file run.tsv (TSV, N, CA and C atoms)
chain	number	residue	atom	x	y	z
A	1	MET	N	-12.36	-36.20	10.84
A	1	MET	CA	-11.17	-36.71	10.22
A	1	MET	C	-10.18	-35.56	10.01
A	2	THR	N	-8.97	-35.75	10.46
A	2	THR	CA	-7.92	-34.76	10.23
A	2	THR	C	-7.00	-35.27	9.13
A	3	LEU	N	-6.82	-34.47	8.11
A	3	LEU	CA	-5.94	-34.83	7.01
A	3	LEU	C	-4.49	-34.55	7.39
A	4	LEU	N	-3.63	-35.52	7.15
A	4	LEU	CA	-2.20	-35.28	7.31
A	4	LEU	C	-1.70	-34.58	6.05
A	5	LYS	N	-0.70	-33.75	6.20
A	5	LYS	CA	-0.19	-32.99	5.05
A	5	LYS	C	0.18	-33.89	3.86
A	6	PRO	N	0.89	-35.00	4.07
A	6	PRO	CA	1.24	-35.82	2.90
A	6	PRO	C	0.03	-36.46	2.21
A	7	ASP	N	-1.09	-36.55	2.90
A	7	ASP	CA	-2.30	-37.15	2.33
A	7	ASP	C	-3.24	-36.13	1.68
A	8	THR	N	-2.92	-34.86	1.82
A	8	THR	CA	-3.79	-33.80	1.32
A	8	THR	C	-3.56	-33.58	-0.18
A	9	ARG	N	-4.63	-33.75	-0.96
A	9	ARG	CA	-4.55	-33.51	-2.41
A	9	ARG	C	-4.80	-32.03	-2.67
A	10	ILE	N	-3.85	-31.39	-3.33
A	10	ILE	CA	-3.93	-29.96	-3.63
A	10	ILE	C	-3.83	-29.76	-5.14
A	11	LEU	N	-4.67	-28.88	-5.66
A	11	LEU	CA	-4.62	-28.47	-7.06
A	11	LEU	C	-4.30	-26.98	-7.09
A	12	ILE	N	-3.27	-26.62	-7.84
A	12	ILE	CA	-2.91	-25.22	-8.05
A	12	ILE	C	-3.34	-24.86	-9.47
A	13	VAL	N	-4.18	-23.85	-9.61
A	13	VAL	CA	-4.58	-23.37	-10.93
A	13	VAL	C	-3.97	-21.98	-11.10
A	14	GLU	N	-2.89	-21.95	-11.85
A	14	GLU	CA	-2.05	-20.75	-12.01
A	14	GLU	C	-1.42	-20.81	-13.39
A	15	ASP	N	-1.46	-19.71	-14.13
A	15	ASP	CA	-0.95	-19.73	-15.51
A	15	ASP	C	0.53	-19.37	-15.64
A	16	GLU	N	1.11	-18.73	-14.69
A	16	GLU	CA	2.52	-18.34	-14.76
A	16	GLU	C	3.40	-19.51	-14.30
A	17	ILE	N	4.24	-20.02	-15.20
A	17	ILE	CA	5.05	-21.20	-14.89
A	17	ILE	C	5.98	-20.96	-13.71
A	18	TRP	N	6.61	-19.79	-13.65
A	18	TRP	CA	7.52	-19.51	-12.54
A	18	TRP	C	6.75	-19.51	-11.21
A	19	ALA	N	5.53	-19.01	-11.22
A	19	ALA	CA	4.71	-18.99	-9.99
A	19	ALA	C	4.28	-20.41	-9.62
A	20	GLN	N	3.91	-21.21	-10.63
A	20	GLN	CA	3.56	-22.61	-10.37
A	20	GLN	C	4.68	-23.30	-9.61
A	21	GLN	N	5.91	-23.14	-10.09
A	21	GLN	CA	7.05	-23.81	-9.48
A	21	GLN	C	7.34	-23.26	-8.08
A	22	PHE	N	7.18	-21.98	-7.91
A	22	PHE	CA	7.39	-21.36	-6.60
A	22	PHE	C	6.37	-21.90	-5.59
A	23	PHE	N	5.09	-21.94	-6.00
A	23	PHE	CA	4.03	-22.44	-5.12
A	23	PHE	C	4.26	-23.91	-4.79
A	24	LEU	N	4.65	-24.69	-5.80
A	24	LEU	CA	4.91	-26.11	-5.60
A	24	LEU	C	6.02	-26.31	-4.56
A	25	ARG	N	7.13	-25.60	-4.71
A	25	ARG	CA	8.24	-25.73	-3.75
A	25	ARG	C	7.82	-25.35	-2.34
A	26	THR	N	7.06	-24.26	-2.22
A	26	THR	CA	6.62	-23.83	-0.89
A	26	THR	C	5.77	-24.91	-0.23
A	27	LEU	N	4.82	-25.46	-0.96
A	27	LEU	CA	3.95	-26.50	-0.39
A	27	LEU	C	4.75	-27.76	-0.06
A	28	GLN	N	5.68	-28.13	-0.90
A	28	GLN	CA	6.51	-29.30	-0.62
A	28	GLN	C	7.38	-29.09	0.61
A	29	GLU	N	7.89	-27.88	0.80
A	29	GLU	CA	8.67	-27.58	2.00
A	29	GLU	C	7.83	-27.77	3.26
A	30	TRP	N	6.52	-27.55	3.14
A	30	TRP	CA	5.62	-27.73	4.28
A	30	TRP	C	5.06	-29.15	4.35
A	31	GLU	N	5.64	-30.06	3.58
A	31	GLU	CA	5.34	-31.49	3.60
A	31	GLU	C	4.05	-31.88	2.89
A	32	TYR	N	3.50	-31.02	2.07
A	32	TYR	CA	2.40	-31.42	1.18
A	32	TYR	C	3.05	-32.07	-0.03
A	33	SER	N	2.56	-33.21	-0.44
A	33	SER	CA	3.24	-33.91	-1.53
A	33	SER	C	2.32	-34.30	-2.69
A	34	GLN	N	1.02	-34.32	-2.49
A	34	GLN	CA	0.09	-34.69	-3.56
A	34	GLN	C	-0.44	-33.41	-4.21
A	35	ILE	N	0.35	-32.88	-5.13
A	35	ILE	CA	0.05	-31.57	-5.71
A	35	ILE	C	-0.02	-31.69	-7.24
A	36	MET	N	-1.10	-31.20	-7.80
A	36	MET	CA	-1.27	-31.14	-9.26
A	36	MET	C	-1.32	-29.66	-9.64
A	37	ILE	N	-0.94	-29.37	-10.89
A	37	ILE	CA	-0.93	-28.00	-11.38
A	37	ILE	C	-1.64	-27.94	-12.73
A	38	GLU	N	-2.46	-26.92	-12.91
A	38	GLU	CA	-3.10	-26.63	-14.19
A	38	GLU	C	-2.87	-25.18	-14.53
A	39	GLY	N	-2.82	-24.87	-15.83
A	39	GLY	CA	-2.46	-23.53	-16.26
A	39	GLY	C	-3.57	-22.66	-16.78
A	40	ASN	N	-4.81	-23.16	-16.85
A	40	ASN	CA	-5.91	-22.28	-17.24
A	40	ASN	C	-7.20	-22.68	-16.54
A	41	GLY	N	-8.18	-21.79	-16.60
A	41	GLY	CA	-9.42	-22.01	-15.86
A	41	GLY	C	-10.20	-23.22	-16.31
A	42	LEU	N	-10.31	-23.43	-17.61
A	42	LEU	CA	-11.09	-24.58	-18.11
A	42	LEU	C	-10.44	-25.90	-17.74
A	43	SER	N	-9.13	-26.02	-17.94
A	43	SER	CA	-8.47	-27.27	-17.57
A	43	SER	C	-8.44	-27.44	-16.05
A	44	GLY	N	-8.47	-26.33	-15.32
A	44	GLY	CA	-8.55	-26.41	-13.86
A	44	GLY	C	-9.85	-27.04	-13.39
A	45	VAL	N	-10.94	-26.68	-14.03
A	45	VAL	CA	-12.25	-27.28	-13.68
A	45	VAL	C	-12.22	-28.78	-13.99
A	46	GLU	N	-11.70	-29.14	-15.16
A	46	GLU	CA	-11.63	-30.54	-15.56
A	46	GLU	C	-10.72	-31.34	-14.62
A	47	LYS	N	-9.57	-30.78	-14.28
A	47	LYS	CA	-8.65	-31.47	-13.36
A	47	LYS	C	-9.28	-31.62	-11.97
A	48	ALA	N	-10.03	-30.63	-11.53
A	48	ALA	CA	-10.72	-30.74	-10.24
A	48	ALA	C	-11.72	-31.90	-10.27
A	49	ARG	N	-12.41	-32.06	-11.40
A	49	ARG	CA	-13.38	-33.16	-11.53
A	49	ARG	C	-12.65	-34.51	-11.48
A	50	GLU	N	-11.53	-34.62	-12.16
A	50	GLU	CA	-10.79	-35.88	-12.23
A	50	GLU	C	-10.04	-36.20	-10.93
A	51	TYR	N	-9.38	-35.23	-10.39
A	51	TYR	CA	-8.47	-35.41	-9.25
A	51	TYR	C	-9.19	-35.34	-7.90
A	52	VAL	N	-10.28	-34.61	-7.85
A	52	VAL	CA	-11.06	-34.36	-6.62
A	52	VAL	C	-10.12	-33.98	-5.46
A	53	PRO	N	-9.49	-32.82	-5.58
A	53	PRO	CA	-8.57	-32.40	-4.53
A	53	PRO	C	-9.31	-32.02	-3.24
A	54	HIS	N	-8.58	-32.02	-2.16
A	54	HIS	CA	-9.12	-31.52	-0.90
A	54	HIS	C	-9.13	-29.99	-0.91
A	55	LEU	N	-8.17	-29.41	-1.64
A	55	LEU	CA	-8.00	-27.97	-1.65
A	55	LEU	C	-7.52	-27.50	-3.02
A	56	ILE	N	-8.08	-26.38	-3.48
A	56	ILE	CA	-7.66	-25.76	-4.73
A	56	ILE	C	-7.19	-24.34	-4.43
A	57	PHE	N	-6.02	-23.99	-4.98
A	57	PHE	CA	-5.60	-22.60	-5.03
A	57	PHE	C	-5.92	-22.11	-6.43
A	58	MET	N	-6.80	-21.11	-6.54
A	58	MET	CA	-7.30	-20.65	-7.83
A	58	MET	C	-6.87	-19.20	-8.07
A	59	ASP	N	-6.03	-19.02	-9.10
A	59	ASP	CA	-5.63	-17.67	-9.50
A	59	ASP	C	-6.85	-16.94	-10.05
A	60	THR	N	-6.80	-15.63	-10.03
A	60	THR	CA	-7.92	-14.83	-10.53
A	60	THR	C	-7.89	-14.70	-12.04
A	61	TYR	N	-6.77	-14.26	-12.57
A	61	TYR	CA	-6.67	-13.97	-14.00
A	61	TYR	C	-6.03	-15.16	-14.72
A	62	LEU	N	-6.86	-15.91	-15.44
A	62	LEU	CA	-6.42	-17.13	-16.10
A	62	LEU	C	-6.86	-17.15	-17.56
A	63	PRO	N	-6.11	-17.83	-18.42
A	63	PRO	CA	-6.60	-18.05	-19.78
A	63	PRO	C	-7.80	-19.01	-19.74
A	64	GLY	N	-8.60	-19.00	-20.77
A	64	GLY	CA	-9.77	-19.87	-20.82
A	64	GLY	C	-10.95	-19.19	-20.16
A	65	ILE	N	-11.03	-19.31	-18.86
A	65	ILE	CA	-12.04	-18.60	-18.07
A	65	ILE	C	-11.37	-18.06	-16.82
A	66	MET	N	-11.91	-17.00	-16.29
A	66	MET	CA	-11.37	-16.39	-15.08
A	66	MET	C	-11.51	-17.34	-13.89
A	67	GLY	N	-10.65	-17.17	-12.90
A	67	GLY	CA	-10.67	-18.03	-11.74
A	67	GLY	C	-11.99	-18.05	-11.00
A	68	TYR	N	-12.63	-16.90	-10.85
A	68	TYR	CA	-13.91	-16.89	-10.12
A	68	TYR	C	-14.99	-17.63	-10.89
A	69	GLU	N	-14.93	-17.62	-12.23
A	69	GLU	CA	-15.90	-18.40	-13.00
A	69	GLU	C	-15.61	-19.89	-12.87
A	70	ALA	N	-14.33	-20.27	-12.88
A	70	ALA	CA	-13.96	-21.67	-12.66
A	70	ALA	C	-14.46	-22.13	-11.29
A	71	CYS	N	-14.29	-21.30	-10.29
A	71	CYS	CA	-14.77	-21.61	-8.94
A	71	CYS	C	-16.28	-21.84	-8.94
A	72	GLN	N	-17.01	-20.97	-9.60
A	72	GLN	CA	-18.47	-21.13	-9.67
A	72	GLN	C	-18.86	-22.43	-10.35
A	73	ARG	N	-18.16	-22.78	-11.42
A	73	ARG	CA	-18.45	-24.04	-12.13
A	73	ARG	C	-18.17	-25.24	-11.24
A	74	ILE	N	-17.08	-25.20	-10.51
A	74	ILE	CA	-16.75	-26.30	-9.60
A	74	ILE	C	-17.80	-26.42	-8.52
A	75	ARG	N	-18.16	-25.31	-7.91
A	75	ARG	CA	-19.16	-25.33	-6.83
A	75	ARG	C	-20.55	-25.76	-7.30
A	76	ALA	N	-20.83	-25.61	-8.59
A	76	ALA	CA	-22.13	-26.01	-9.13
A	76	ALA	C	-22.27	-27.52	-9.25
A	77	GLU	N	-21.15	-28.24	-9.17
A	77	GLU	CA	-21.16	-29.69	-9.30
A	77	GLU	C	-21.21	-30.34	-7.92
A	78	SER	N	-21.84	-31.52	-7.84
A	78	SER	CA	-21.95	-32.22	-6.55
A	78	SER	C	-20.56	-32.53	-5.98
A	79	TRP	N	-19.60	-32.90	-6.83
A	79	TRP	CA	-18.25	-33.22	-6.37
A	79	TRP	C	-17.48	-31.98	-5.92
A	80	GLY	N	-17.94	-30.79	-6.29
A	80	GLY	CA	-17.23	-29.56	-5.98
A	80	GLY	C	-17.66	-28.87	-4.70
A	81	LYS	N	-18.63	-29.45	-4.02
A	81	LYS	CA	-19.14	-28.81	-2.80
A	81	LYS	C	-18.33	-29.18	-1.55
A	82	GLN	N	-17.55	-30.23	-1.63
A	82	GLN	CA	-16.81	-30.70	-0.46
A	82	GLN	C	-15.30	-30.56	-0.63
A	83	MET	N	-14.87	-29.46	-1.23
A	83	MET	CA	-13.44	-29.19	-1.33
A	83	MET	C	-13.21	-27.72	-1.06
A	84	GLY	N	-12.11	-27.42	-0.46
A	84	GLY	CA	-11.77	-26.03	-0.19
A	84	GLY	C	-11.25	-25.35	-1.44
A	85	ILE	N	-11.62	-24.09	-1.63
A	85	ILE	CA	-11.10	-23.30	-2.74
A	85	ILE	C	-10.63	-21.96	-2.18
A	86	ILE	N	-9.35	-21.69	-2.34
A	86	ILE	CA	-8.78	-20.42	-1.90
A	86	ILE	C	-8.41	-19.61	-3.14
A	87	ALA	N	-9.01	-18.44	-3.25
A	87	ALA	CA	-8.70	-17.53	-4.35
A	87	ALA	C	-7.35	-16.88	-4.06
A	88	MET	N	-6.59	-16.65	-5.13
A	88	MET	CA	-5.30	-15.99	-4.93
A	88	MET	C	-5.01	-15.06	-6.10
A	89	SER	N	-4.35	-13.97	-5.77
A	89	SER	CA	-3.97	-12.98	-6.77
A	89	SER	C	-3.03	-11.98	-6.11
A	90	ASN	N	-2.55	-11.06	-6.92
A	90	ASN	CA	-1.77	-9.96	-6.36
A	90	ASN	C	-2.67	-8.78	-5.99
A	91	ALA	N	-3.95	-8.89	-6.35
A	91	ALA	CA	-4.92	-7.83	-6.03
A	91	ALA	C	-6.31	-8.46	-5.92
A	92	TRP	N	-7.07	-8.02	-4.95
A	92	TRP	CA	-8.43	-8.51	-4.74
A	92	TRP	C	-9.33	-8.11	-5.90
A	93	SER	N	-10.21	-9.02	-6.30
A	93	SER	CA	-11.24	-8.72	-7.30
A	93	SER	C	-12.60	-8.93	-6.66
A	94	SER	N	-13.48	-7.96	-6.78
A	94	SER	CA	-14.82	-8.09	-6.18
A	94	SER	C	-15.62	-9.22	-6.80
A	95	GLN	N	-15.18	-9.73	-7.96
A	95	GLN	CA	-15.88	-10.86	-8.59
A	95	GLN	C	-15.87	-12.09	-7.68
A	96	TRP	N	-14.88	-12.21	-6.81
A	96	TRP	CA	-14.80	-13.35	-5.91
A	96	TRP	C	-15.93	-13.34	-4.87
A	97	ASP	N	-16.54	-12.18	-4.65
A	97	ASP	CA	-17.62	-12.09	-3.65
A	97	ASP	C	-18.76	-13.06	-3.95
A	98	HIS	N	-18.94	-13.42	-5.21
A	98	HIS	CA	-20.07	-14.27	-5.62
A	98	HIS	C	-19.62	-15.65	-6.09
A	99	ALA	N	-18.40	-16.01	-5.82
A	99	ALA	CA	-17.86	-17.25	-6.38
A	99	ALA	C	-17.83	-18.42	-5.39
A	100	SER	N	-18.22	-18.22	-4.16
A	100	SER	CA	-18.26	-19.28	-3.14
A	100	SER	C	-16.88	-19.86	-2.83
A	101	SER	N	-15.86	-19.03	-2.87
A	101	SER	CA	-14.54	-19.51	-2.44
A	101	SER	C	-14.48	-19.48	-0.92
A	102	ASP	N	-13.45	-20.09	-0.37
A	102	ASP	CA	-13.28	-20.14	1.08
A	102	ASP	C	-12.32	-19.09	1.59
A	103	GLY	N	-12.10	-18.08	0.79
A	103	GLY	CA	-11.22	-17.01	1.22
A	103	GLY	C	-10.29	-16.60	0.11
A	104	PHE	N	-9.51	-15.60	0.41
A	104	PHE	CA	-8.59	-15.00	-0.54
A	104	PHE	C	-7.23	-14.85	0.12
A	105	ILE	N	-6.19	-15.14	-0.64
A	105	ILE	CA	-4.83	-14.85	-0.16
A	105	ILE	C	-4.10	-14.02	-1.20
A	106	HIS	N	-3.24	-13.18	-0.73
A	106	HIS	CA	-2.35	-12.44	-1.62
A	106	HIS	C	-1.19	-13.37	-1.94
A	107	LYS	N	-0.77	-13.41	-3.19
A	107	LYS	CA	0.29	-14.33	-3.62
A	107	LYS	C	1.60	-14.12	-2.87
A	108	ASP	N	1.80	-12.96	-2.30
A	108	ASP	CA	3.06	-12.75	-1.59
A	108	ASP	C	3.21	-13.67	-0.38
A	109	LEU	N	2.11	-14.25	0.11
A	109	LEU	CA	2.23	-15.24	1.19
A	109	LEU	C	2.99	-16.46	0.71
A	110	PHE	N	2.78	-16.84	-0.55
A	110	PHE	CA	3.56	-17.93	-1.14
A	110	PHE	C	5.01	-17.50	-1.34
A	111	TYR	N	5.18	-16.30	-1.88
A	111	TYR	CA	6.52	-15.82	-2.20
A	111	TYR	C	7.40	-15.78	-0.95
A	112	ARG	N	6.80	-15.44	0.19
A	112	ARG	CA	7.55	-15.33	1.44
A	112	ARG	C	7.51	-16.62	2.25
A	113	ALA	N	6.81	-17.65	1.73
A	113	ALA	CA	6.60	-18.89	2.49
A	113	ALA	C	6.09	-18.55	3.89
A	114	ASP	N	5.13	-17.66	3.94
A	114	ASP	CA	4.58	-17.15	5.20
A	114	ASP	C	3.78	-18.24	5.92
A	115	PRO	N	4.08	-18.50	7.19
A	115	PRO	CA	3.32	-19.49	7.96
A	115	PRO	C	1.82	-19.18	8.04
A	116	GLU	N	1.45	-17.93	7.82
A	116	GLU	CA	0.04	-17.56	7.79
A	116	GLU	C	-0.70	-18.34	6.69
A	117	LEU	N	-0.01	-18.60	5.60
A	117	LEU	CA	-0.61	-19.37	4.51
A	117	LEU	C	-0.88	-20.80	4.94
A	118	ASP	N	0.08	-21.44	5.59
A	118	ASP	CA	-0.13	-22.81	6.07
A	118	ASP	C	-1.28	-22.85	7.07
A	119	ALA	N	-1.38	-21.83	7.91
A	119	ALA	CA	-2.50	-21.75	8.86
A	119	ALA	C	-3.83	-21.62	8.11
A	120	LYS	N	-3.86	-20.85	7.03
A	120	LYS	CA	-5.07	-20.70	6.22
A	120	LYS	C	-5.45	-22.03	5.58
A	121	ILE	N	-4.46	-22.76	5.08
A	121	ILE	CA	-4.72	-24.08	4.51
A	121	ILE	C	-5.40	-24.98	5.53
A	122	GLN	N	-4.82	-25.03	6.73
A	122	GLN	CA	-5.39	-25.89	7.77
A	122	GLN	C	-6.80	-25.44	8.18
A	123	GLU	N	-7.02	-24.15	8.23
A	123	GLU	CA	-8.35	-23.60	8.57
A	123	GLU	C	-9.39	-24.06	7.54
A	124	VAL	N	-9.06	-23.95	6.27
A	124	VAL	CA	-10.01	-24.33	5.22
A	124	VAL	C	-10.24	-25.84	5.22
A	125	LEU	N	-9.19	-26.61	5.39
A	125	LEU	CA	-9.34	-28.07	5.41
A	125	LEU	C	-10.23	-28.53	6.57
A	126	LYS	N	-10.11	-27.89	7.71
A	126	LYS	CA	-10.94	-28.26	8.87
A	126	LYS	C	-12.43	-28.00	8.61
A	127	LYS	N	-12.72	-27.08	7.73
A	127	LYS	CA	-14.11	-26.78	7.37
A	127	LYS	C	-14.76	-27.97	6.67
A	128	TYR	N	-13.97	-28.73	5.92
A	128	TYR	CA	-14.49	-29.82	5.11
A	128	TYR	C	-14.13	-31.22	5.59
A	129	PHE	N	-13.02	-31.35	6.32
A	129	PHE	CA	-12.54	-32.70	6.68
A	129	PHE	C	-12.22	-32.81	8.16

call {"tool": "encode", "arguments": {"input": "run.tsv", "output": "structure tokens"}}
result
Amino acid sequence: MTLLKPDTRILIVEDEIWAQQFFLRTLQEWEYSQIMIEGNGLSGVEKAREYVPHLIFMDTYLPGIMGYEACQRIRAESWGKQMGIIAMSNAWSSQWDHASSDGFIHKDLFYRADPELDAKIQEVLKKYF
């Protein structure tokens, strides 16, 4: 099954409001339209359980719990094994090595609306759908 961009459910877990809006606009420009946003790690886990996105962008440094811990909690659940999770930050954290994410992106890919990011999204989605 190939997901069309408008049908792809995406969850952004990012605490900076300006970054949330920037990421949202970038994804919408690429025709993704089913996008939810959460501002901390704990609510991100809960929203993932409720929304069951196809893909999550998970910031590293979040209030509540860190992004890699949120990722581990999601992956520990049966509903969390069949969704893509892409870690994102301005700097790599070795904590992600043990979090079962599907990769890491530097946030500047969003800032520049870099096509490499859209290619990464499609790569991760193909792994699951």

call {"tool": "residues_around", "arguments": {"input": "run.tsv", "residues": "A:Ser101", "least_positions_apart": "2", "cutoff": "5 Å", "atoms": "only N, CA and C atoms", "output": "mmCIF file with N, CA and C atoms, keeping the file's coordinate frame"}}
result
data_model
loop_
_atom_site.group_PDB
_atom_site.id
_atom_site.type_symbol
_atom_site.label_atom_id
_atom_site.label_comp_id
_atom_site.auth_asym_id
_atom_site.auth_seq_id
_atom_site.Cartn_x
_atom_site.Cartn_y
_atom_site.Cartn_z
ATOM 1 N N ILE A 85 -11.620 -24.090 -1.630
ATOM 2 C CA ILE A 85 -11.100 -23.300 -2.740
ATOM 3 C C ILE A 85 -10.630 -21.960 -2.180
ATOM 4 N N ALA A 99 -18.400 -16.010 -5.820
ATOM 5 C CA ALA A 99 -17.860 -17.250 -6.380
ATOM 6 C C ALA A 99 -17.830 -18.420 -5.390
ATOM 7 N N GLY A 103 -12.100 -18.080 0.790
ATOM 8 C CA GLY A 103 -11.220 -17.010 1.220
ATOM 9 C C GLY A 103 -10.290 -16.600 0.110
#

call {"tool": "atom_distance", "arguments": {"input": "run.tsv", "atom1": "atom CA of A:Arg112", "atom2": "atom CA of A:Gln21"}}
result
13.8 Å

call {"tool": "atom_distance", "arguments": {"input": "run.tsv", "atom1": "atom CA of A:Glu69", "atom2": "atom CA of A:Ala87"}}
result
11.3 Å

call {"tool": "residues_around", "arguments": {"input": "run.tsv", "residues": "stretch 25-32 of chain A", "least_positions_apart": "3", "cutoff": "6.5 Å", "atoms": "all atoms listed in the file", "output": "list of chain:residue names"}}
result
A:Lys5, A:Pro6, A:Asp7, A:Thr8, A:Gln20, A:Gln21, A:Phe22, A:Ile35, A:Ala113

call {"tool": "residues_around", "arguments": {"input": "run.tsv", "residues": "A:Gly80", "least_positions_apart": "4", "cutoff": "8 Å", "atoms": "all atoms listed in the file", "output": "PyMOL selection string"}}
result
chain A and resi 48-49+52+73-76+84

call {"tool": "write_last_selection", "arguments": {"input": "run.tsv", "atoms": "N, CA and C atoms", "output": "short mmCIF file (atom, residue, chain, number, x, y, z; two decimals), in the coordinates of the input"}}
result
data_model
loop_
_atom_site.label_atom_id
_atom_site.label_comp_id
_atom_site.auth_asym_id
_atom_site.auth_seq_id
_atom_site.Cartn_x
_atom_site.Cartn_y
_atom_site.Cartn_z
N ALA A 48 -10.03 -30.63 -11.53
CA ALA A 48 -10.72 -30.74 -10.24
C ALA A 48 -11.72 -31.90 -10.27
N ARG A 49 -12.41 -32.06 -11.40
CA ARG A 49 -13.38 -33.16 -11.53
C ARG A 49 -12.65 -34.51 -11.48
N VAL A 52 -10.28 -34.61 -7.85
CA VAL A 52 -11.06 -34.36 -6.62
C VAL A 52 -10.12 -33.98 -5.46
N ARG A 73 -18.16 -22.78 -11.42
CA ARG A 73 -18.45 -24.04 -12.13
C ARG A 73 -18.17 -25.24 -11.24
N ILE A 74 -17.08 -25.20 -10.51
CA ILE A 74 -16.75 -26.30 -9.60
C ILE A 74 -17.80 -26.42 -8.52
N ARG A 75 -18.16 -25.31 -7.91
CA ARG A 75 -19.16 -25.33 -6.83
C ARG A 75 -20.55 -25.76 -7.30
N ALA A 76 -20.83 -25.61 -8.59
CA ALA A 76 -22.13 -26.01 -9.13
C ALA A 76 -22.27 -27.52 -9.25
N GLY A 84 -12.11 -27.42 -0.46
CA GLY A 84 -11.77 -26.03 -0.19
C GLY A 84 -11.25 -25.35 -1.44
#

call {"tool": "atom_distance", "arguments": {"input": "run.tsv", "atom1": "atom N of A:Gln72", "atom2": "atom N of A:Ile86"}}
result
10.6 Å

call {"tool": "closest_residue", "arguments": {"input": "run.tsv", "among": "A:Lys47, A:Met58, A:Met66, A:Ile12", "to": "A:Leu24", "atoms": "only N, CA and C atoms"}}
result
A:Ile12

call {"tool": "axis_aligned_box", "arguments": {"input": "run.tsv", "around": "stretch 27-37 of chain A", "padding_each_side": "4 Å", "output": "lines of an AutoDock Vina configuration file"}}
result
center_x = 3.5
center_y = -30.1
center_z = -4.2
size_x = 18.3
size_y = 17.2
size_z = 25.1

call {"tool": "residues_around", "arguments": {"input": "run.tsv", "residues": "stretch 118-128 of chain A", "least_positions_apart": "2", "cutoff": "8 Å", "atoms": "all atoms listed in the file", "output": "list in words"}}
result
Met1, Thr2, Leu3, Trp30, His54, Leu55, Lys81, Gln82, Met83, Gly84, Ile85, Asp102, Gly103, Leu109, Ala113, Asp114, Pro115 and Glu116 of chain A

call {"tool": "closest_residue", "arguments": {"input": "run.tsv", "among": "A:Ser43, A:Ser33, A:Ser89, A:Ser100", "to": "A:Cys71", "atoms": "all atoms listed in the file"}}
result
A:Ser100

call {"tool": "residues_around", "arguments": {"input": "run.tsv", "residues": "A:Glu38", "least_positions_apart": "3", "cutoff": "7 Å", "atoms": "only N, CA and C atoms", "output": "list in words"}}
result
Leu11, Ile12, Val13, Glu14, Asp15, Gly41, Ser43 and Gly44 of chain A

call {"tool": "closest_residue", "arguments": {"input": "run.tsv", "among": "A:Phe57, A:Gln34, A:Met88, A:Tyr111", "to": "A:Trp18", "atoms": "only C-alpha atoms"}}
result
A:Tyr111

call {"tool": "select_by_dssp", "arguments": {"input": "run.tsv", "residues": "stretch 56-96 of chain A", "states": "strand (DSSP E)", "output": "JSON, numbers by chain"}}
result
{"A": [56, 57, 58, 59, 84, 85, 86, 87, 88, 89]}

call {"tool": "closest_residue", "arguments": {"input": "run.tsv", "among": "A:Ala70, A:Leu42, A:Asp59, A:Phe129", "to": "A:Ile105", "atoms": "only C-alpha atoms"}}
result
A:Asp59

call {"tool": "select_by_dssp", "arguments": {"input": "run.tsv", "residues": "chain A", "states": "alpha helix (DSSP H)", "output": "VMD selection string"}}
result
chain A and resid 17 to 29 41 to 51 67 to 75 108 to 111 115 to 128

call {"tool": "closest_residue", "arguments": {"input": "run.tsv", "among": "A:Leu117, A:Gly39, A:Tyr51, A:Trp79", "to": "A:Glu16", "atoms": "all atoms listed in the file"}}
result
A:Gly39
